[in-house]
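**Q** Contents of target12.cif (mmCIF, C-alpha atoms) are given next:
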data_start
#
loop_
_atom_site.label_atom_id
_atom_site.label_comp_id
_atom_site.auth_asym_id
_atom_site.auth_seq_id
_atom_site.Cartn_x
_atom_site.Cartn_y
_atom_site.Cartn_z
CA MET X 1 111.19 157.26 150.26
CA GLY X 2 114.24 159.44 150.90
CA ALA X 3 112.31 161.73 153.23
CA THR X 4 110.98 158.93 155.42
CA PHE X 5 114.46 157.38 155.49
CA VAL X 6 115.96 160.58 156.89
CA ILE X 7 113.19 160.99 159.47
CA THR X 8 113.51 157.54 161.03
CA LEU X 9 117.31 157.60 160.74
CA ARG X 10 117.29 160.82 162.72
CA GLU X 11 114.86 159.50 165.34
CA ALA X 12 116.69 156.20 165.80
CA PHE X 13 120.23 157.56 165.57
CA GLU X 14 120.36 158.88 169.11
CA ALA X 15 119.16 155.55 170.49
CA ALA X 16 121.68 153.64 168.37
CA LEU X 17 124.51 155.91 169.53
CA ILE X 18 123.60 155.45 173.17
CA LEU X 19 123.30 151.68 172.80
CA GLY X 20 126.62 151.59 170.93
CA ILE X 21 128.32 153.56 173.69
CA VAL X 22 126.97 151.54 176.60
CA TYR X 23 127.76 148.20 174.92
CA THR X 24 131.29 149.42 174.23
CA TYR X 25 131.57 150.69 177.77
CA LEU X 26 130.70 147.24 179.14
CA GLU X 27 133.08 145.56 176.73
CA ARG X 28 135.90 147.88 177.71
CA ILE X 29 135.49 147.40 181.45
CA GLY X 30 135.37 143.65 180.94
CA ALA X 31 131.74 143.31 181.95
CA ARG X 32 130.36 141.56 178.90
CA ASP X 33 127.94 139.68 181.10
CA GLY X 34 126.22 143.04 181.48
CA TYR X 35 125.20 143.10 177.81
CA ARG X 36 121.92 141.50 178.73
CA TYR X 37 120.99 144.51 180.88
CA VAL X 38 121.44 146.76 177.86
CA THR X 39 119.63 144.35 175.55
CA LEU X 40 116.80 143.98 178.03
CA GLY X 41 116.60 147.75 178.57
CA GLY X 42 116.59 148.43 174.84
CA ALA X 43 114.00 145.72 174.15
CA LEU X 44 111.76 147.02 176.95
CA GLY X 45 112.15 150.53 175.53
CA LEU X 46 110.97 149.26 172.17
CA LEU X 47 108.07 147.36 173.72
CA VAL X 48 106.92 150.36 175.75
CA SER X 49 107.28 152.57 172.66
CA VAL X 50 104.96 150.29 170.71
CA GLY X 51 102.62 150.15 173.70
CA MET X 52 102.54 153.92 173.94
CA GLY X 53 102.17 154.35 170.18
CA VAL X 54 99.12 152.10 170.25
CA GLY X 55 97.86 153.29 173.65
CA VAL X 56 97.82 156.97 172.76
CA GLY X 57 95.06 156.17 170.25
CA PHE X 58 92.79 155.10 173.11
CA LEU X 59 93.21 158.31 175.05
CA SER X 60 90.97 161.32 174.70
CA GLY X 61 90.19 164.60 176.42
CA PRO X 62 92.72 166.12 178.83
CA LEU X 63 94.52 162.78 179.11
CA LEU X 64 95.34 162.96 175.40
CA ASP X 65 96.04 166.72 175.56
CA TRP X 66 98.54 166.34 178.38
CA GLY X 67 99.45 162.68 178.93
CA PRO X 68 102.02 162.22 176.14
CA ASP X 69 103.67 165.53 177.07
CA VAL X 70 104.04 164.54 180.71
CA VAL X 71 105.55 161.19 179.76
CA GLY X 72 107.81 162.84 177.17
CA VAL X 73 109.12 165.54 179.49
CA THR X 74 109.61 163.05 182.34
CA VAL X 75 111.67 160.76 180.10
CA ILE X 76 113.83 163.70 179.02
CA PHE X 77 114.73 164.72 182.57
CA VAL X 78 115.24 161.14 183.74
CA ALA X 79 117.58 160.66 180.78
CA VAL X 80 119.52 163.80 181.75
CA VAL X 81 120.10 162.43 185.24
CA LEU X 82 121.07 158.93 184.03
CA VAL X 83 123.41 160.15 181.31
CA THR X 84 125.06 162.60 183.69
CA TRP X 85 125.56 159.85 186.23
CA HIS X 86 127.04 157.56 183.60
CA ALA X 87 129.34 160.25 182.19
CA TRP X 88 130.54 160.99 185.71
CA TRP X 89 131.36 157.32 186.21
CA MET X 90 133.23 157.18 182.91
CA ARG X 91 135.22 160.19 184.02
CA GLN X 92 136.13 158.44 187.27
CA HIS X 93 137.25 155.40 185.30
CA ALA X 94 139.33 157.57 182.98
CA ARG X 95 141.06 159.03 186.04
CA ALA X 96 141.61 155.64 187.60
CA ILE X 97 143.16 154.25 184.43
CA ARG X 98 145.57 157.09 183.94
CA GLY X 99 149.02 156.10 185.15
CA GLN X 100 148.02 152.50 185.72
CA VAL X 101 149.03 149.55 183.63
CA GLN X 102 145.79 147.72 184.21
CA GLN X 103 143.39 147.91 181.31
CA ARG X 104 140.30 146.87 183.15
CA VAL X 105 138.33 148.54 185.81
CA ASP X 106 137.02 146.41 188.61
CA ALA X 107 134.11 144.67 186.93
CA ALA X 108 132.54 143.61 190.17
CA ARG X 109 132.18 147.21 191.23
CA ALA X 110 130.72 148.08 187.87
CA ALA X 111 128.31 145.16 188.04
CA ARG X 112 126.51 146.74 190.94
CA ARG X 113 125.29 149.53 188.74
CA LEU X 114 124.64 147.60 185.57
CA TRP X 115 120.94 148.22 186.00
CA VAL X 116 121.67 151.92 185.50
CA VAL X 117 123.21 151.05 182.13
CA GLY X 118 120.05 149.07 181.35
CA LEU X 119 117.92 152.08 182.30
CA ILE X 120 120.00 154.31 180.04
CA ALA X 121 119.37 151.88 177.18
CA PHE X 122 115.65 151.96 178.03
CA THR X 123 115.32 155.75 178.05
CA GLY X 124 117.56 156.04 174.98
CA VAL X 125 115.22 153.83 172.97
CA PHE X 126 111.95 155.04 174.50
CA ARG X 127 112.65 158.77 174.14
CA GLU X 128 112.06 158.91 170.40
CA GLY X 129 110.68 155.38 170.16
CA ALA X 130 106.97 156.09 170.47
CA GLU X 131 107.23 158.84 167.84
CA THR X 132 109.04 156.54 165.45
CA VAL X 133 106.46 153.79 165.98
CA LEU X 134 103.60 156.23 165.31
CA PHE X 135 105.33 157.56 162.23
CA LEU X 136 105.95 154.10 160.77
CA TRP X 137 102.47 152.98 161.70
CA GLY X 138 100.99 156.01 159.96
CA LEU X 139 103.04 155.29 156.84
CA THR X 140 101.73 151.74 156.79
CA THR X 141 98.08 152.76 157.12
CA GLN X 142 98.50 155.21 154.25
CA ALA X 143 100.43 152.83 152.03
CA THR X 144 97.87 152.20 149.33
CA SER X 145 100.21 152.60 146.38
CA THR X 146 103.70 151.55 145.36
CA SER X 147 105.14 154.91 146.38
CA GLY X 148 103.36 154.53 149.74
CA TRP X 149 105.08 151.23 150.33
CA MET X 150 108.38 152.75 149.23
CA ASN X 151 107.86 155.29 152.01
CA VAL X 152 107.38 152.48 154.51
CA LEU X 153 110.50 150.80 153.15
CA GLY X 154 112.43 154.06 153.50
CA GLY X 155 111.29 154.40 157.11
CA VAL X 156 112.32 150.87 158.01
CA ALA X 157 115.64 151.33 156.21
CA GLY X 158 116.26 154.47 158.26
CA VAL X 159 115.94 152.53 161.52
CA ALA X 160 118.17 149.79 160.10
CA ALA X 161 120.81 152.34 159.01
CA ALA X 162 120.79 153.82 162.52
CA ALA X 163 121.35 150.35 163.95
CA VAL X 164 124.32 149.86 161.60
CA LEU X 165 125.77 153.19 162.75
CA GLY X 166 125.38 152.11 166.37
CA TRP X 167 127.19 148.89 165.52
CA ALA X 168 129.97 150.88 163.81
CA ILE X 169 130.38 152.97 166.95
CA PHE X 170 130.64 149.81 169.01
CA HIS X 171 133.43 148.56 166.74
CA GLY X 172 135.16 151.92 166.48
CA GLY X 173 134.98 152.33 170.24
CA LYS X 174 136.80 149.05 170.73
CA GLN X 175 139.74 150.32 168.68
CA LEU X 176 140.30 153.48 170.71
CA SER X 177 142.62 153.43 173.67
CA LEU X 178 140.63 152.98 176.85
CA SER X 179 141.33 156.39 178.34
CA ARG X 180 140.59 158.09 175.01
CA PHE X 181 137.31 156.20 174.71
CA PHE X 182 136.27 157.25 178.21
CA SER X 183 137.30 160.86 177.66
CA ALA X 184 135.59 161.13 174.28
CA THR X 185 132.37 159.56 175.49
CA THR X 186 132.34 161.68 178.63
CA VAL X 187 132.46 164.83 176.50
CA PHE X 188 129.85 163.51 174.08
CA LEU X 189 127.48 162.39 176.84
CA MET X 190 127.87 165.76 178.53
CA LEU X 191 126.84 167.58 175.34
CA LEU X 192 124.01 165.11 174.80
CA ALA X 193 122.71 165.70 178.32
CA ALA X 194 123.08 169.49 177.96
CA GLY X 195 121.01 169.29 174.77
CA LEU X 196 118.42 167.09 176.44
CA PHE X 197 118.19 169.42 179.41
CA SER X 198 117.67 172.49 177.25
CA THR X 199 115.15 170.54 175.13
CA GLY X 200 113.25 169.69 178.30
CA VAL X 201 113.24 173.34 179.36
CA GLY X 202 112.05 174.26 175.84
CA ARG X 203 109.21 171.78 176.22
CA PHE X 204 108.23 173.51 179.47
CA GLN X 205 107.99 176.72 177.48
CA GLY X 206 105.91 174.99 174.82
CA LEU X 207 103.55 173.76 177.53
CA GLY X 208 103.15 177.27 178.90
CA LEU X 209 104.85 176.43 182.19
CA LEU X 210 107.64 178.89 181.43
CA PRO X 211 107.25 182.12 179.47
CA MET X 212 108.25 182.06 175.82
CA GLY X 213 110.34 185.09 174.93
CA ALA X 214 111.87 186.14 171.64
CA PRO X 215 114.77 183.99 170.43
CA LEU X 216 118.11 185.13 171.81
CA TRP X 217 119.74 184.87 168.41
CA ASP X 218 119.05 183.47 164.97
CA THR X 219 121.59 181.33 163.16
CA SER X 220 119.12 179.77 160.72
CA PHE X 221 120.97 181.47 157.84
CA LEU X 222 124.07 179.44 158.80
CA LEU X 223 122.41 176.21 159.78
CA SER X 224 118.67 175.78 160.04
CA ASP X 225 117.49 173.23 162.57
CA GLN X 226 114.95 172.13 159.94
CA SER X 227 117.77 171.01 157.64
CA VAL X 228 119.03 167.44 157.68
CA VAL X 229 122.36 168.28 159.34
CA GLY X 230 120.74 170.80 161.68
CA SER X 231 118.08 168.37 162.82
CA PHE X 232 120.68 165.69 163.53
CA LEU X 233 122.65 168.18 165.61
CA THR X 234 119.45 169.12 167.43
CA GLY X 235 118.98 165.51 168.47
CA LEU X 236 122.61 164.91 169.37
CA VAL X 237 123.85 168.05 171.08
CA GLY X 238 120.70 170.18 171.32
CA TYR X 239 121.46 172.61 168.49
CA ARG X 240 118.83 175.32 168.06
CA ALA X 241 118.96 177.96 165.34
CA ARG X 242 116.64 180.27 167.30
CA PRO X 243 117.13 179.41 170.95
CA SER X 244 115.12 181.02 173.72
CA ALA X 245 116.85 182.66 176.66
CA TRP X 246 115.65 179.83 178.90
CA GLU X 247 117.15 177.22 176.60
CA VAL X 248 120.50 178.99 176.41
CA ALA X 249 120.55 179.43 180.18
CA ALA X 250 119.68 175.77 180.68
CA TYR X 251 122.38 174.62 178.26
CA ALA X 252 125.07 176.88 179.71
CA GLY X 253 124.02 176.14 183.28
CA TYR X 254 124.17 172.41 182.71
CA LEU X 255 127.58 172.64 181.02
CA LEU X 256 128.94 174.74 183.86
CA LEU X 257 127.76 172.24 186.46
CA ALA X 258 128.91 169.25 184.42
CA VAL X 259 132.39 170.64 183.80
CA ARG X 260 132.74 171.30 187.52
CA LEU X 261 131.45 167.83 188.32
CA PHE X 262 133.60 165.98 185.77
CA TRP X 263 136.77 168.07 185.69
CA GLY X 264 136.52 170.26 188.75
CA PRO X 265 139.03 170.12 191.57
CA ALA X 266 136.42 169.14 194.16
CA THR X 267 136.34 165.44 193.28
CA GLY X 268 139.91 165.26 191.99
CA GLY X 269 141.54 164.13 195.22
CA ARG X 270 139.55 161.01 195.83
CA PRO X 271 137.91 159.71 192.70
CA GLN X 272 137.89 156.12 193.87
CA ARG X 273 136.25 156.67 197.21
CA SER X 274 133.57 158.96 195.89
CA ALA X 275 132.94 156.53 193.06
CA VAL X 276 132.35 153.71 195.50
CA SER X 277 130.12 155.69 197.81
CA ALA X 278 127.96 156.69 194.86
CA GLY X 279 127.54 153.09 193.79
CA MET Z 280 102.54 146.67 185.23
CA SER Z 281 100.20 148.30 187.70
CA ARG Z 282 102.92 150.30 189.40
CA PRO Z 283 104.20 152.11 186.28
CA ALA Z 284 100.63 152.55 185.12
CA GLY Z 285 99.77 154.11 188.46
CA LEU Z 286 102.85 156.28 188.27
CA ILE Z 287 101.94 157.52 184.81
CA ALA Z 288 98.35 158.14 185.87
CA GLY Z 289 99.67 160.09 188.85
CA LEU Z 290 101.99 162.14 186.70
CA VAL Z 291 99.21 162.86 184.25
CA ALA Z 292 96.89 163.88 187.06
CA GLY Z 293 99.65 166.09 188.47
CA ALA Z 294 100.18 167.74 185.12
CA GLY Z 295 96.45 168.24 184.82
CA LEU Z 296 96.43 170.12 188.11
CA LEU Z 297 99.48 172.08 187.05
CA ALA Z 298 97.87 172.92 183.74
CA GLY Z 299 94.64 173.82 185.48
CA SER Z 300 96.45 176.23 187.74
CA THR Z 301 98.22 177.97 184.88
CA LEU Z 302 95.22 178.05 182.57
CA PRO Z 303 92.87 180.87 183.41
CA ALA Z 304 89.32 179.58 183.43
CA ALA Z 305 88.25 182.65 181.46
CA ALA Z 306 86.83 181.95 178.04
CA GLN Z 307 89.58 181.61 175.50
CA THR Z 308 89.32 182.01 171.78
CA GLU Z 309 89.13 178.62 170.17
CA ILE Z 310 90.40 178.06 166.68
CA VAL Z 311 89.50 174.86 164.91
CA LEU Z 312 92.08 173.20 162.71
CA THR Z 313 91.36 170.06 160.74
CA ILE Z 314 93.79 167.57 159.28
CA GLU Z 315 92.56 165.83 156.16
CA ASN Z 316 94.56 164.11 153.43
CA ASN Z 317 97.74 165.12 155.24
CA ARG Z 318 96.88 168.80 154.99
CA PHE Z 319 95.70 171.40 157.45
CA HIS Z 320 92.44 173.27 156.94
CA PRO Z 321 92.72 176.20 157.10
CA GLU Z 322 96.38 176.64 156.30
CA GLU Z 323 96.42 180.24 157.39
CA ILE Z 324 95.13 181.46 160.69
CA THR Z 325 94.96 185.05 161.84
CA VAL Z 326 94.87 185.79 165.55
CA LYS Z 327 95.13 188.83 167.77
CA ALA Z 328 98.60 189.43 169.10
CA ALA Z 329 99.12 189.42 172.86
CA ALA Z 330 96.13 187.16 173.55
CA PRO Z 331 96.47 183.45 174.27
CA PHE Z 332 94.18 181.13 172.37
CA MET Z 333 93.31 177.48 172.04
CA LEU Z 334 93.89 175.43 168.93
CA VAL Z 335 91.46 172.56 168.61
CA ILE Z 336 93.01 170.19 166.11
CA SER Z 337 91.04 167.28 164.68
CA ASN Z 338 92.76 164.58 162.73
CA ARG Z 339 90.36 163.05 160.21
CA ASP Z 340 93.03 160.93 158.56
CA LYS Z 341 93.74 157.29 159.26
CA ALA Z 342 97.35 158.07 160.17
CA PRO Z 343 98.61 159.87 163.28
CA GLU Z 344 100.14 163.30 162.90
CA GLU Z 345 102.51 165.36 164.99
CA PHE Z 346 101.56 169.00 165.09
CA GLU Z 347 104.54 171.29 165.60
CA ILE Z 348 105.11 175.02 165.94
CA GLN Z 349 108.88 175.00 166.01
CA ASP Z 350 109.35 178.58 167.20
CA LEU Z 351 107.01 178.04 170.14
CA ARG Z 352 108.42 174.60 171.02
CA ILE Z 353 104.94 173.17 170.74
CA GLU Z 354 104.60 169.58 169.59
CA LYS Z 355 101.56 167.38 170.01
CA VAL Z 356 100.80 163.96 168.69
CA ILE Z 357 97.30 163.71 167.25
CA PRO Z 358 96.29 160.08 166.77
CA ALA Z 359 94.11 159.12 163.83
CA GLY Z 360 90.52 160.25 164.27
CA LYS Z 361 91.27 162.19 167.46
CA THR Z 362 91.01 165.79 168.60
CA VAL Z 363 93.68 167.49 170.67
CA ARG Z 364 93.52 170.89 172.30
CA VAL Z 365 96.72 172.91 172.20
CA ARG Z 366 97.09 176.07 174.23
CA VAL Z 367 99.06 178.76 172.44
CA PRO Z 368 100.47 181.57 174.59
CA ALA Z 369 100.07 185.26 173.85
CA LEU Z 370 102.10 185.96 170.71
CA LYS Z 371 104.09 188.96 169.63
CA PRO Z 372 103.00 190.26 166.20
CA GLY Z 373 104.51 188.09 163.49
CA THR Z 374 104.18 184.88 161.52
CA TYR Z 375 104.53 181.49 163.15
CA ARG Z 376 104.84 178.47 160.91
CA PHE Z 377 103.39 175.12 161.84
CA VAL Z 378 103.86 171.72 160.28
CA GLY Z 379 102.65 168.17 160.59
CA GLU Z 380 105.99 166.52 161.23
CA TYR Z 381 104.93 163.18 159.80
CA HIS Z 382 103.92 164.73 156.48
CA GLU Z 383 106.07 167.83 156.28
CA ARG Z 384 105.75 168.19 152.53
CA THR Z 385 101.99 168.68 152.55
CA ALA Z 386 100.97 169.41 156.13
CA LYS Z 387 102.01 173.00 156.76
CA GLY Z 388 100.56 176.39 157.48
CA SER Z 389 101.07 179.54 159.46
CA ILE Z 390 99.60 181.64 162.20
CA LEU Z 391 99.60 185.38 161.68
CA ALA Z 392 99.48 187.33 164.90
CA GLU Z 393 98.56 190.99 164.43
#
If you convert what's in this file into structure tokens, what do you get?
**A**
Amino acid sequence: MGATFVITLREAFEAALILGIVYTYLERIGARDGYRYVTLGGALGLLVSVGMGVGVGFLSGPLLDWGPDVVGVTVIFVAVVLVTWHAWWMRQHARAIRGQVQQRVDAARAARRLWVVGLIAFTGVFREGAETVLFLWGLTTQATSTSGWMNVLGGVAGVAAAAVLGWAIFHGGKQLSLSRFFSATTVFLMLLAAGLFSTGVGRFQGLGLLPMGAPLWDTSFLLSDQSVVGSFLTGLVGYRARPSAWEVAAYAGYLLLAVRLFWGPATGGRPQRSAVSAG
Amino acid sequence: MSRPAGLIAGLVAGAGLLAGSTLPAAAQTEIVLTIENNRFHPEEITVKAAAPFMLVISNRDKAPEEFEIQDLRIEKVIPAGKTVRVRVPALKPGTYRFVGEYHERTAKGSILAE
């Protein structure tokens, strides 16, 4: 029961975090009417996850060999773009707020890109969603004994615990000062996206589209990515105990670009105008 | 619904072409792996180093499994009753552990490349 709890908690935690952050974001910019975009995106993500979990059983041949990978990798890179875009926006807000008394960013301007927030919710849920559905489904089909059903219970409880954590983040996020919330989430989303990007590049290696070299280093003696803490960090910030050169390059490259984009001098002079033109 | 379905079909077709272009048509060693009662059979595989091969994994259980070779970043979902082919690149000599992520306690094994 404990093992299945940890697995689904880990899979659902990232989604819960992302949902928590985007709900809080909307609350903080005074765009509560945008909640429904997030709810809709999240619900669609769940629906498509179930659909894919069921649908994959009808595939066979090359479609089964490659289809789920293509969908999985596509979702990863789409999520990188969306999260980067969102983090960039948060950063612009943080700049706009600094030195101003006003606590709210122009909601009307934000409303124009609420669908992006909905898409983020969708990819956040869908990314690990299909796997979680398959896992839970498998547990159910194998639940022929009391311990089997305890495993199912553990799995469901893991998803529920992740949802509670997401809710806690929503409430915690409301307590922070606005600029601190934006700054903290910008940094977190940047690390999340860096991890996603390097995961995507790792998947390319796994698919044979990039060569797989020896790991650049090995920190499994400090923190194995198979351990509970390690595997959570893998999902959240892309921790790898034995990263490949490609993964390290992808992670560092993304961070370099993101830091320039979010904190670099290039956009510093006119955050408002560039923010508007991007919307 | 038809547009996303078309998009996915297109992506899959694209990946198929991509895979086709990177996969040499030359005969590749095939190694059969079976999943039964949440275990792999065989649990130990020996292969030649420096030669790519194909794992043909059949899941005879009623539950799906996710096959994973962590060090090679390979992960494939194998639905109940299905067979999935996984291409493994040329390996350096060594041991590579694999697991069934959904049943990590029982579903595990290793590939020895020598």
**Q** Residues of chain X within 7 Å of chain Z, counting all atoms listed in the file, what are they? List them as a PyMOL selection string.
**A** chain X and resi 56-57+63-67+70+134-135+138+141-142+202-203+205-208
**Q** Which residues come within 12 Å of Val50 in chain X, counting all atoms listed in the file, excluding same-chain residues fewer than 2 positions away, as an MDAnalysis selection string?
**A** chainID X and resid 43:48 52:57 125:137
**Q** Would you put the residues from that selection into a file with C-alpha atoms, as an mmCIF file, keeping the file's coordinate frame?
**A**
data_model
loop_
_atom_site.group_PDB
_atom_site.id
_atom_site.type_symbol
_atom_site.label_atom_id
_atom_site.label_comp_id
_atom_site.auth_asym_id
_atom_site.auth_seq_id
_atom_site.Cartn_x
_atom_site.Cartn_y
_atom_site.Cartn_z
ATOM 1 C CA ALA X 43 114.000 145.720 174.150
ATOM 2 C CA LEU X 44 111.760 147.020 176.950
ATOM 3 C CA GLY X 45 112.150 150.530 175.530
ATOM 4 C CA LEU X 46 110.970 149.260 172.170
ATOM 5 C CA LEU X 47 108.070 147.360 173.720
ATOM 6 C CA VAL X 48 106.920 150.360 175.750
ATOM 7 C CA MET X 52 102.540 153.920 173.940
ATOM 8 C CA GLY X 53 102.170 154.350 170.180
ATOM 9 C CA VAL X 54 99.120 152.100 170.250
ATOM 10 C CA GLY X 55 97.860 153.290 173.650
ATOM 11 C CA VAL X 56 97.820 156.970 172.760
ATOM 12 C CA GLY X 57 95.060 156.170 170.250
ATOM 13 C CA VAL X 125 115.220 153.830 172.970
ATOM 14 C CA PHE X 126 111.950 155.040 174.500
ATOM 15 C CA ARG X 127 112.650 158.770 174.140
ATOM 16 C CA GLU X 128 112.060 158.910 170.400
ATOM 17 C CA GLY X 129 110.680 155.380 170.160
ATOM 18 C CA ALA X 130 106.970 156.090 170.470
ATOM 19 C CA GLU X 131 107.230 158.840 167.840
ATOM 20 C CA THR X 132 109.040 156.540 165.450
ATOM 21 C CA VAL X 133 106.460 153.790 165.980
ATOM 22 C CA LEU X 134 103.600 156.230 165.310
ATOM 23 C CA PHE X 135 105.330 157.560 162.230
ATOM 24 C CA LEU X 136 105.950 154.100 160.770
ATOM 25 C CA TRP X 137 102.470 152.980 161.700
#
**Q** Grab the CA of Ser389 in chain Z to CA of Phe221 in chain X distance for me, in Å with one decimal place.
**A**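 Interatomic distance, CA of Ser389 in chain Z to CA of Phe221 in chain X: 20.1 Å.
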**Q** When you look at range 175-188 of chain X with a cut-off of 8 Å (counting only C-alpha atoms), what residues show up, excluding the ones that are within fewer than 3 positions of it in the same chain? I need them as JSON, numbers by chain.
**A** {"X": [21, 28, 87, 88, 90, 91, 93, 94, 97, 98, 103, 171, 172, 191, 192]}
**Q** Which is closer to Ser60 in chain X than all the others in Z:Glu323, Z:Thr385, Z:Leu391, Z:Ser337, using only C-alpha atoms?
**A**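 With only C-alpha atoms as the atom set, the closest residue is Z:Ser337.
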**Q** Just give me the residues with any atom within 8 Å of (124.4, 150.0, 177.3), file coordinates, counting only C-alpha atoms, written as a CSV table (one decimal) with C-alpha atoms, in the frame of the given file.
**A**
chain,number,residue,atom,x,y,z
X,18,ILE,CA,123.6,155.4,173.2
X,19,LEU,CA,123.3,151.7,172.8
X,20,GLY,CA,126.6,151.6,170.9
X,21,ILE,CA,128.3,153.6,173.7
X,22,VAL,CA,127.0,151.5,176.6
X,23,TYR,CA,127.8,148.2,174.9
X,24,THR,CA,131.3,149.4,174.2
X,25,TYR,CA,131.6,150.7,177.8
X,26,LEU,CA,130.7,147.2,179.1
X,35,TYR,CA,125.2,143.1,177.8
X,37,TYR,CA,121.0,144.5,180.9
X,38,VAL,CA,121.4,146.8,177.9
X,39,THR,CA,119.6,144.4,175.6
X,117,VAL,CA,123.2,151.0,182.1
X,118,GLY,CA,120.0,149.1,181.4
X,120,ILE,CA,120.0,154.3,180.0
X,121,ALA,CA,119.4,151.9,177.2
**Q** Return the single residue from X:Leu189, X:Ser145, X:Arg95, X:Gly41 that is closest to Val81 in chain X, with distances computed using only C-alpha atoms.
**A** X:Leu189
**Q** Name the residues in contact with Ile324 in chain Z at a cut-off of 10 Å, using only C-alpha atoms, excluding same-chain residues fewer than 6 positions from it; report them as a ChimeraX atom specification.
**A** /Z:310-312,374-375,388-392
**Q** Can you give me, as a ChimeraX atom specification, the residues this file yields under the PyMOL selection byres ((chain X and resi 164) around 12)?
**A** /X:9,12-13,15-17,19-20,157-163,165-171
**Q** One number please: CA of Glu247 in chain X to CA of Leu233 in chain X, in Å, one decimal.
**A**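 According to the coordinates, CA of Glu247 in chain X and CA of Leu233 in chain X are separated by 15.3 Å.
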